[in-house]
>>> print(open('query25.cif').read())   # mmCIF, C-alpha atoms
data_query
#
loop_
_atom_site.group_PDB
_atom_site.id
_atom_site.type_symbol
_atom_site.label_atom_id
_atom_site.label_comp_id
_atom_site.auth_asym_id
_atom_site.auth_seq_id
_atom_site.Cartn_x
_atom_site.Cartn_y
_atom_site.Cartn_z
ATOM 1 C CA SER A 99 -2.964 3.836 -20.860
ATOM 2 C CA ALA A 100 -6.019 2.784 -18.881
ATOM 3 C CA GLY A 101 -8.778 4.952 -17.539
ATOM 4 C CA GLY A 102 -10.494 5.288 -14.173
ATOM 5 C CA ASP A 103 -11.846 7.825 -11.747
ATOM 6 C CA THR A 104 -9.552 10.731 -12.606
ATOM 7 C CA SER A 105 -10.269 12.306 -9.234
ATOM 8 C CA ALA A 106 -8.793 9.252 -7.554
ATOM 9 C CA PHE A 107 -5.787 8.032 -9.518
ATOM 10 C CA ASP A 108 -3.635 8.130 -12.634
ATOM 11 C CA VAL A 109 -2.782 5.034 -14.667
ATOM 12 C CA PHE A 110 -0.364 4.454 -17.501
ATOM 13 C CA ARG A 111 2.255 2.056 -18.824
ATOM 14 C CA TYR A 112 5.890 2.752 -19.568
ATOM 15 C CA TYR A 113 8.962 0.881 -20.674
ATOM 16 C CA GLY A 114 12.545 0.549 -19.498
ATOM 17 C CA ASN A 115 14.435 -0.789 -16.496
ATOM 18 C CA ALA A 116 12.882 1.829 -14.280
ATOM 19 C CA ALA A 117 10.873 2.247 -11.121
ATOM 20 C CA CYS A 118 9.086 5.499 -11.799
ATOM 21 C CA ALA A 119 7.595 7.225 -14.813
ATOM 22 C CA GLY A 120 9.980 9.293 -16.878
ATOM 23 C CA ASP A 121 13.052 7.226 -15.955
ATOM 24 C CA GLU A 122 13.013 4.830 -18.887
ATOM 25 C CA GLY A 123 16.282 2.967 -19.237
ATOM 26 C CA ARG A 124 17.732 4.269 -15.959
ATOM 27 C CA GLY A 125 16.560 1.592 -13.516
ATOM 28 C CA GLY A 126 19.100 0.255 -11.077
ATOM 29 C CA GLY A 127 19.952 -3.315 -10.310
ATOM 30 C CA GLY A 128 19.720 -4.913 -13.742
ATOM 31 C CA GLY A 129 19.925 -8.660 -14.227
ATOM 32 C CA ASP A 130 17.196 -11.270 -14.495
ATOM 33 C CA ASP A 131 15.213 -9.691 -11.656
ATOM 34 C CA GLU A 132 14.586 -6.522 -13.645
ATOM 35 C CA VAL A 133 11.153 -5.606 -14.983
ATOM 36 C CA ARG A 134 11.038 -3.843 -18.346
ATOM 37 C CA THR A 135 7.353 -3.066 -18.819
ATOM 38 C CA VAL A 136 5.837 -1.392 -15.797
ATOM 39 C CA GLY A 137 2.282 -0.421 -14.961
ATOM 40 C CA TYR A 138 2.220 2.822 -12.974
ATOM 41 C CA LEU A 139 -0.721 3.417 -10.616
ATOM 42 C CA ARG A 140 -0.865 6.708 -8.753
ATOM 43 C CA LEU A 141 -3.607 6.691 -6.140
ATOM 44 C CA ARG A 142 -4.381 10.175 -4.827
ATOM 45 C CA GLU A 143 -7.116 9.299 -2.342
ATOM 46 C CA PHE A 144 -9.100 6.339 -1.049
ATOM 47 C CA ASN A 145 -12.701 6.857 -2.095
ATOM 48 C CA SER A 146 -15.576 4.473 -2.722
ATOM 49 C CA ARG A 147 -14.399 3.784 -6.296
ATOM 50 C CA ALA A 148 -10.722 3.193 -5.572
ATOM 51 C CA GLN A 149 -10.768 -0.593 -5.330
ATOM 52 C CA ARG A 150 -13.055 -1.147 -8.331
ATOM 53 C CA ASP A 151 -11.161 1.215 -10.608
ATOM 54 C CA LEU A 152 -7.761 -0.012 -9.468
ATOM 55 C CA ARG A 153 -8.733 -3.633 -10.128
ATOM 56 C CA ALA A 154 -9.826 -2.703 -13.660
ATOM 57 C CA ALA A 155 -6.599 -0.783 -14.237
ATOM 58 C CA VAL A 156 -4.444 -3.691 -13.044
ATOM 59 C CA GLN A 157 -6.250 -6.079 -15.395
ATOM 60 C CA SER A 158 -5.948 -3.670 -18.314
ATOM 61 C CA LEU A 159 -2.235 -3.091 -17.771
ATOM 62 C CA GLU A 160 -1.539 -6.816 -17.476
ATOM 63 C CA GLU A 161 -3.336 -7.334 -20.788
ATOM 64 C CA GLN A 162 -1.078 -4.638 -22.285
ATOM 65 C CA GLY A 163 1.994 -6.578 -21.189
ATOM 66 C CA ALA A 164 2.907 -5.108 -17.792
ATOM 67 C CA GLU A 165 5.475 -7.274 -15.992
ATOM 68 C CA GLY A 166 5.273 -5.413 -12.686
ATOM 69 C CA PHE A 167 3.538 -2.506 -10.965
ATOM 70 C CA VAL A 168 4.456 0.693 -9.179
ATOM 71 C CA LEU A 169 1.778 1.886 -6.746
ATOM 72 C CA ASP A 170 2.407 5.547 -5.993
ATOM 73 C CA LEU A 171 0.982 6.602 -2.605
ATOM 74 C CA ARG A 172 3.084 9.738 -2.239
ATOM 75 C CA ASP A 173 1.089 12.770 -1.071
ATOM 76 C CA ASN A 174 -1.961 10.546 -0.507
ATOM 77 C CA PRO A 175 -3.585 11.747 2.758
ATOM 78 C CA GLY A 176 -5.841 8.704 3.051
ATOM 79 C CA GLY A 177 -9.618 8.751 2.907
ATOM 80 C CA LEU A 178 -11.888 5.789 3.591
ATOM 81 C CA VAL A 179 -10.119 3.175 5.699
ATOM 82 C CA SER A 180 -12.477 0.527 4.296
ATOM 83 C CA ALA A 181 -11.326 1.460 0.770
ATOM 84 C CA GLY A 182 -7.714 1.099 1.856
ATOM 85 C CA VAL A 183 -8.422 -2.388 3.184
ATOM 86 C CA GLU A 184 -10.051 -3.378 -0.116
ATOM 87 C CA VAL A 185 -7.117 -2.022 -2.132
ATOM 88 C CA ALA A 186 -4.664 -4.029 -0.010
ATOM 89 C CA ARG A 187 -6.726 -7.155 -0.690
ATOM 90 C CA LEU A 188 -6.087 -6.734 -4.423
ATOM 91 C CA PHE A 189 -2.432 -7.624 -3.912
ATOM 92 C CA LEU A 190 -2.332 -9.957 -0.886
ATOM 93 C CA GLU A 191 -2.606 -13.723 -0.735
ATOM 94 C CA GLU A 192 -5.524 -15.382 1.002
ATOM 95 C CA GLY A 193 -5.006 -15.473 4.769
ATOM 96 C CA SER A 194 -2.813 -12.372 4.883
ATOM 97 C CA THR A 195 -3.359 -9.942 7.761
ATOM 98 C CA ILE A 196 -4.035 -6.407 6.515
ATOM 99 C CA VAL A 197 -4.182 -4.393 9.733
ATOM 100 C CA LYS A 198 -4.831 -4.793 13.447
ATOM 101 C CA GLN A 199 -6.834 -2.559 15.753
ATOM 102 C CA GLU A 200 -5.827 -2.090 19.368
ATOM 103 C CA GLY A 201 -7.739 -0.445 22.201
ATOM 104 C CA ARG A 202 -6.534 2.575 24.151
ATOM 105 C CA ALA A 203 -5.056 0.488 26.939
ATOM 106 C CA ASP A 204 -1.648 -0.962 26.138
ATOM 107 C CA GLY A 205 -1.897 -4.587 25.169
ATOM 108 C CA THR A 206 -5.653 -4.553 24.714
ATOM 109 C CA ALA A 207 -6.434 -7.020 21.977
ATOM 110 C CA GLY A 208 -8.486 -5.727 19.078
ATOM 111 C CA ARG A 209 -9.858 -6.743 15.707
ATOM 112 C CA GLN A 210 -7.633 -8.243 13.040
ATOM 113 C CA VAL A 211 -8.568 -7.652 9.393
ATOM 114 C CA VAL A 212 -7.655 -10.540 7.080
ATOM 115 C CA THR A 213 -8.074 -11.158 3.351
ATOM 116 C CA PHE A 214 -10.100 -14.189 2.289
ATOM 117 C CA ASP A 215 -9.741 -14.011 -1.492
ATOM 118 C CA ALA A 216 -7.026 -14.655 -4.063
ATOM 119 C CA PRO A 217 -5.180 -11.519 -5.212
ATOM 120 C CA ALA A 218 -6.006 -9.688 -8.439
ATOM 121 C CA THR A 219 -2.343 -9.931 -9.475
ATOM 122 C CA SER A 220 0.819 -11.670 -8.337
ATOM 123 C CA LEU A 221 3.205 -9.571 -10.444
ATOM 124 C CA PRO A 222 6.105 -7.766 -8.698
ATOM 125 C CA LEU A 223 5.055 -4.645 -6.837
ATOM 126 C CA MET A 224 6.832 -1.531 -5.619
ATOM 127 C CA VAL A 225 5.133 1.145 -3.479
ATOM 128 C CA LEU A 226 6.282 4.771 -3.382
ATOM 129 C CA VAL A 227 5.736 6.656 -0.102
ATOM 130 C CA ASN A 228 6.767 9.938 1.510
ATOM 131 C CA GLY A 229 6.111 12.119 4.542
ATOM 132 C CA ARG A 230 2.650 13.007 3.244
ATOM 133 C CA THR A 231 1.534 9.392 2.860
ATOM 134 C CA ALA A 232 -1.000 9.099 5.689
ATOM 135 C CA SER A 233 -3.860 7.172 7.280
ATOM 136 C CA ALA A 234 -5.437 4.646 4.875
ATOM 137 C CA SER A 235 -2.338 4.929 2.674
ATOM 138 C CA GLU A 236 -0.199 3.820 5.600
ATOM 139 C CA ILE A 237 -2.484 0.866 6.260
ATOM 140 C CA VAL A 238 -1.993 -0.283 2.666
ATOM 141 C CA ALA A 239 1.764 0.334 2.707
ATOM 142 C CA GLY A 240 2.160 -1.431 6.050
ATOM 143 C CA ALA A 241 0.137 -4.449 4.919
ATOM 144 C CA LEU A 242 2.061 -4.900 1.675
ATOM 145 C CA HIS A 243 5.385 -4.325 3.437
ATOM 146 C CA ASP A 244 4.854 -6.636 6.409
ATOM 147 C CA ASN A 245 3.513 -9.472 4.239
ATOM 148 C CA CYS A 246 6.619 -9.256 2.032
ATOM 149 C CA ARG A 247 4.392 -8.438 -0.941
ATOM 150 C CA ALA A 248 5.931 -5.108 -1.947
ATOM 151 C CA ALA A 249 9.101 -3.154 -1.406
ATOM 152 C CA LEU A 250 8.552 0.381 -0.103
ATOM 153 C CA VAL A 251 10.625 3.170 -1.635
ATOM 154 C CA GLY A 252 10.813 6.757 -0.408
ATOM 155 C CA SER A 253 10.808 8.330 3.036
ATOM 156 C CA ARG A 254 9.090 7.614 6.348
ATOM 157 C CA THR A 255 5.327 8.092 6.164
ATOM 158 C CA TYR A 256 3.340 10.689 8.110
ATOM 159 C CA GLY A 257 2.143 8.576 11.027
ATOM 160 C CA LYS A 258 -1.641 8.857 11.346
ATOM 161 C CA GLY A 259 -3.232 5.776 12.819
ATOM 162 C CA LEU A 260 -5.678 6.750 15.562
ATOM 163 C CA ILE A 261 -9.258 5.464 15.685
ATOM 164 C CA GLN A 262 -11.563 8.223 16.865
ATOM 165 C CA SER A 263 -15.275 8.501 17.611
ATOM 166 C CA VAL A 264 -17.445 11.616 17.829
ATOM 167 C CA TYR A 265 -20.023 11.828 20.624
ATOM 168 C CA GLU A 266 -22.818 14.400 20.693
ATOM 169 C CA LEU A 267 -23.487 16.129 24.006
ATOM 170 C CA ALA A 268 -26.801 17.361 25.417
ATOM 171 C CA ASP A 269 -26.075 20.975 24.445
ATOM 172 C CA ALA A 270 -25.598 19.922 20.786
ATOM 173 C CA SER A 271 -21.828 20.260 21.017
ATOM 174 C CA GLY A 272 -19.596 17.269 20.500
ATOM 175 C CA VAL A 273 -16.457 15.629 21.761
ATOM 176 C CA VAL A 274 -13.945 13.535 19.867
ATOM 177 C CA LEU A 275 -12.467 10.607 21.759
ATOM 178 C CA THR A 276 -9.588 8.401 20.720
ATOM 179 C CA VAL A 277 -10.820 4.845 21.179
ATOM 180 C CA GLY A 278 -7.989 2.898 19.622
ATOM 181 C CA LYS A 279 -5.235 2.783 17.039
ATOM 182 C CA TYR A 280 -4.182 0.920 13.932
ATOM 183 C CA VAL A 281 -1.023 -1.187 13.906
ATOM 184 C CA THR A 282 0.571 -3.013 10.996
ATOM 185 C CA PRO A 283 0.459 -6.827 10.809
ATOM 186 C CA SER A 284 3.896 -7.022 12.470
ATOM 187 C CA GLY A 285 2.799 -4.686 15.274
ATOM 188 C CA VAL A 286 4.219 -1.327 14.150
ATOM 189 C CA ASP A 287 2.256 1.548 15.738
ATOM 190 C CA ILE A 288 1.386 3.638 12.684
ATOM 191 C CA ASP A 289 0.483 6.764 14.656
ATOM 192 C CA ALA A 290 3.652 6.689 16.745
ATOM 193 C CA THR A 291 6.260 5.931 14.118
ATOM 194 C CA GLY A 292 4.824 5.894 10.603
ATOM 195 C CA ILE A 293 6.129 3.298 8.114
ATOM 196 C CA THR A 294 9.828 3.062 7.315
ATOM 197 C CA PRO A 295 10.582 2.201 3.651
ATOM 198 C CA ASP A 296 12.891 -0.596 2.514
ATOM 199 C CA VAL A 297 14.785 1.748 0.194
ATOM 200 C CA SER A 298 15.349 5.283 1.476
ATOM 201 C CA ASP A 299 14.788 8.069 -1.031
ATOM 202 C CA ALA A 300 14.072 11.162 1.057
ATOM 203 C CA LEU A 301 14.720 13.584 -1.822
ATOM 204 C CA GLY A 302 12.733 11.640 -4.413
ATOM 205 C CA ARG A 303 15.754 11.337 -6.698
ATOM 206 C CA LYS A 304 16.636 7.651 -6.562
ATOM 207 C CA ARG A 305 14.722 5.289 -8.820
ATOM 208 C CA PRO A 306 15.693 1.711 -7.910
ATOM 209 C CA GLY A 307 14.803 -1.028 -10.354
ATOM 210 C CA PHE A 308 12.758 -4.090 -9.515
ATOM 211 C CA GLY A 309 15.957 -6.067 -9.087
ATOM 212 C CA GLU A 310 16.755 -4.072 -5.950
ATOM 213 C CA ALA A 311 13.145 -4.297 -4.804
ATOM 214 C CA ARG A 312 13.089 -8.071 -5.215
ATOM 215 C CA ARG A 313 16.274 -8.415 -3.184
ATOM 216 C CA ALA A 314 14.567 -6.530 -0.367
ATOM 217 C CA LEU A 315 11.571 -8.863 -0.628
ATOM 218 C CA ARG A 316 13.755 -11.967 -0.584
ATOM 219 C CA ALA A 317 15.394 -10.705 2.595
ATOM 220 C CA CYS A 318 11.916 -10.238 4.077
ATOM 221 C CA GLU A 319 10.804 -13.720 3.054
ATOM 222 C CA ALA A 320 13.906 -15.237 4.643
ATOM 223 C CA VAL A 321 12.800 -13.823 8.006
ATOM 224 C CA PRO A 322 9.014 -13.276 7.709
ATOM 225 C CA ARG A 323 7.625 -10.271 9.581
ATOM 226 C CA VAL A 324 4.199 -11.796 10.163
ATOM 227 C CA ALA A 325 2.629 -15.271 10.126
ATOM 228 C CA ARG A 326 -0.240 -16.150 7.808
ATOM 229 C CA ALA A 327 -3.588 -16.126 9.604
ATOM 230 C CA ASP A 328 -5.572 -19.335 10.062
ATOM 231 C CA LEU A 329 -8.788 -19.141 8.047
ATOM 232 C CA PRO A 330 -12.021 -20.789 9.106
ATOM 233 C CA GLU A 331 -13.011 -23.954 7.246
#
>>> encode(input="query25.cif", output="C-alpha cells")
Amino acid sequence: SAGGDTSAFDVFRYYGNAACAGDEGRGGGGGDDEVRTVGYLRLREFNSRAQRDLRAAVQSLEEQGAEGFVLDLRDNPGGLVSAGVEVARLFLEEGSTIVKQEGRADGTAGRQVVTFDAPATSLPLMVLVNGRTASASEIVAGALHDNCRAALVGSRTYGKGLIQSVYELADASGVVLTVGKYVTPSGVDIDATGITPDVSDALGRKRPGFGEARRALRACEAVPRVARADLPE
C-alpha cells in the first residue's frame, strides 16, 4: 500500500481481474484488455493536499506494478474546485479541456479551464461514482469522461454545479447570488443533470473489468465528445 493524507483518501493495491477492491478474480470482460494488478484510489474530499498526495500515490503504485487505476469518487461531496481541477490534470493529456464556466444568461460564454502539462500517468483508468458524488467530484468525473480518458461506473451523480458569490450588505447581513454554472467539456450542465456513467451500477453490485471499460473508451474515441483545445505557442 501507499500512504497519504488519511483524511482525504485511501490507497492500496490489489490483484485479480477486478474493478473494485475485494473482488479479486471476479472481473468481467476478460481477454487481452483485462488489467490484473490494480491501484485503488479512494478520494473522500478535495482539499489542498489532494493533488500532491494523489500524484505520490499514483507514482508509488506504478512502481509496485499497477497496470491500471480505479479512482473511487463515490460519496465524495466535493470540496475545493481548484483541487478538483488539479486532480483532473494528473490524468489528462496536454490541451484537454477540464471544465467550462457559463454565465447566468443562456449562451453567455465563460472561462474554459485547460491542462497545459503532460499527465502523471497514462495507464487505464476507471472512475466509480454514485448519487452522492457532487461538485468538484463531478468536475473531475465529467472531465475524464468527456475526454475519453476514463470509463465511469456506477449511478448518475448528484448534480451540483452552480457558481455562487456572497455579498455583504450594509446591515452586516449577506446575500448569496448565483453568478454562473459549471458545464463539462462537452457541454453537459452539471447542476441540471449530473453525470451519467458509461456502465450503470445503481446498486453497487456489478464490478466490470477493464476490458469492458476499455470498450466503452474505444466507443468514445470513435466519436469524440470534445475537441482538443488549441494551446498558445
>>> closest_residue(input="query25.cif", among="A:Arg202, A:Arg209, A:Arg150, A:Arg230", to="Gln262 (chain A)", atoms="only C-alpha atoms")
A:Arg202
>>> axis_aligned_box(input="query25.cif", around="region 283-300 of chain A", padding_each_side="3 Å", output="JSON")
{"center_x": 7.9, "center_y": 2.1, "center_z": 7.9, "size_x": 20.9, "size_y": 24.2, "size_z": 23.8}
>>> atom_distance(input="query25.cif", atom1="CA of Tyr138 (chain A)", atom2="CA of Asp289 (chain A)")
28.0 Å
>>> closest_residue(input="query25.cif", among="A:Gly163, A:Pro217, A:Ala249, A:Ala186", to="Arg313 (chain A)", atoms="all atoms listed in the file")
A:Ala249
>>> atom_distance(input="query25.cif", atom1="CA of Ala218 (chain A)", atom2="CA of Arg247 (chain A)")
12.9 Å
>>> resolve_selection(input="query25.cif", expression="the PyMOL selection byres ((chain A and resi 175) around 7)", output="PyMOL selection string")
chain A and resi 143+173-174+176-177+230-233+235
>>> resolve_selection(input="query25.cif", expression="the PyMOL selection byres ((chain A and resi 274-279) around 10)", output="list of chain:residue names")
A:Lys198, A:Gln199, A:Glu200, A:Gly201, A:Arg202, A:Ala203, A:Asp204, A:Thr206, A:Gly208, A:Lys258, A:Gly259, A:Leu260, A:Ile261, A:Gln262, A:Ser263, A:Val264, A:Tyr265, A:Glu266, A:Gly272, A:Val273, A:Tyr280, A:Val281, A:Asp287, A:Ile288, A:Asp289, A:Ala290
>>> closest_residue(input="query25.cif", among="A:Asn245, A:Ser284, A:Ser271, A:Gln162", to="Glu192 (chain A)", atoms="all atoms listed in the file")
A:Asn245
>>> residues_around(input="query25.cif", residues="Ala248 (chain A)", least_positions_apart="6", cutoff="8 Å", atoms="only C-alpha atoms", output="compact mmCIF listing (two decimals) with C-alpha atoms, keeping the file's coordinate frame")
# COMPACT_ATOMS: atom_id res chain seq x y z
CA PRO A 222 6.10 -7.77 -8.70
CA LEU A 223 5.06 -4.64 -6.84
CA MET A 224 6.83 -1.53 -5.62
CA VAL A 225 5.13 1.14 -3.48
CA LEU A 242 2.06 -4.90 1.68
CA ALA A 311 13.14 -4.30 -4.80
CA LEU A 315 11.57 -8.86 -0.63
>>> closest_residue(input="query25.cif", among="A:Ser220, A:Gln210, A:Ser180, A:Thr135", to="Ala148 (chain A)", atoms="all atoms listed in the file")
A:Ser180
>>> atom_distance(input="query25.cif", atom1="CA of Glu319 (chain A)", atom2="CA of Ala239 (chain A)")
16.7 Å
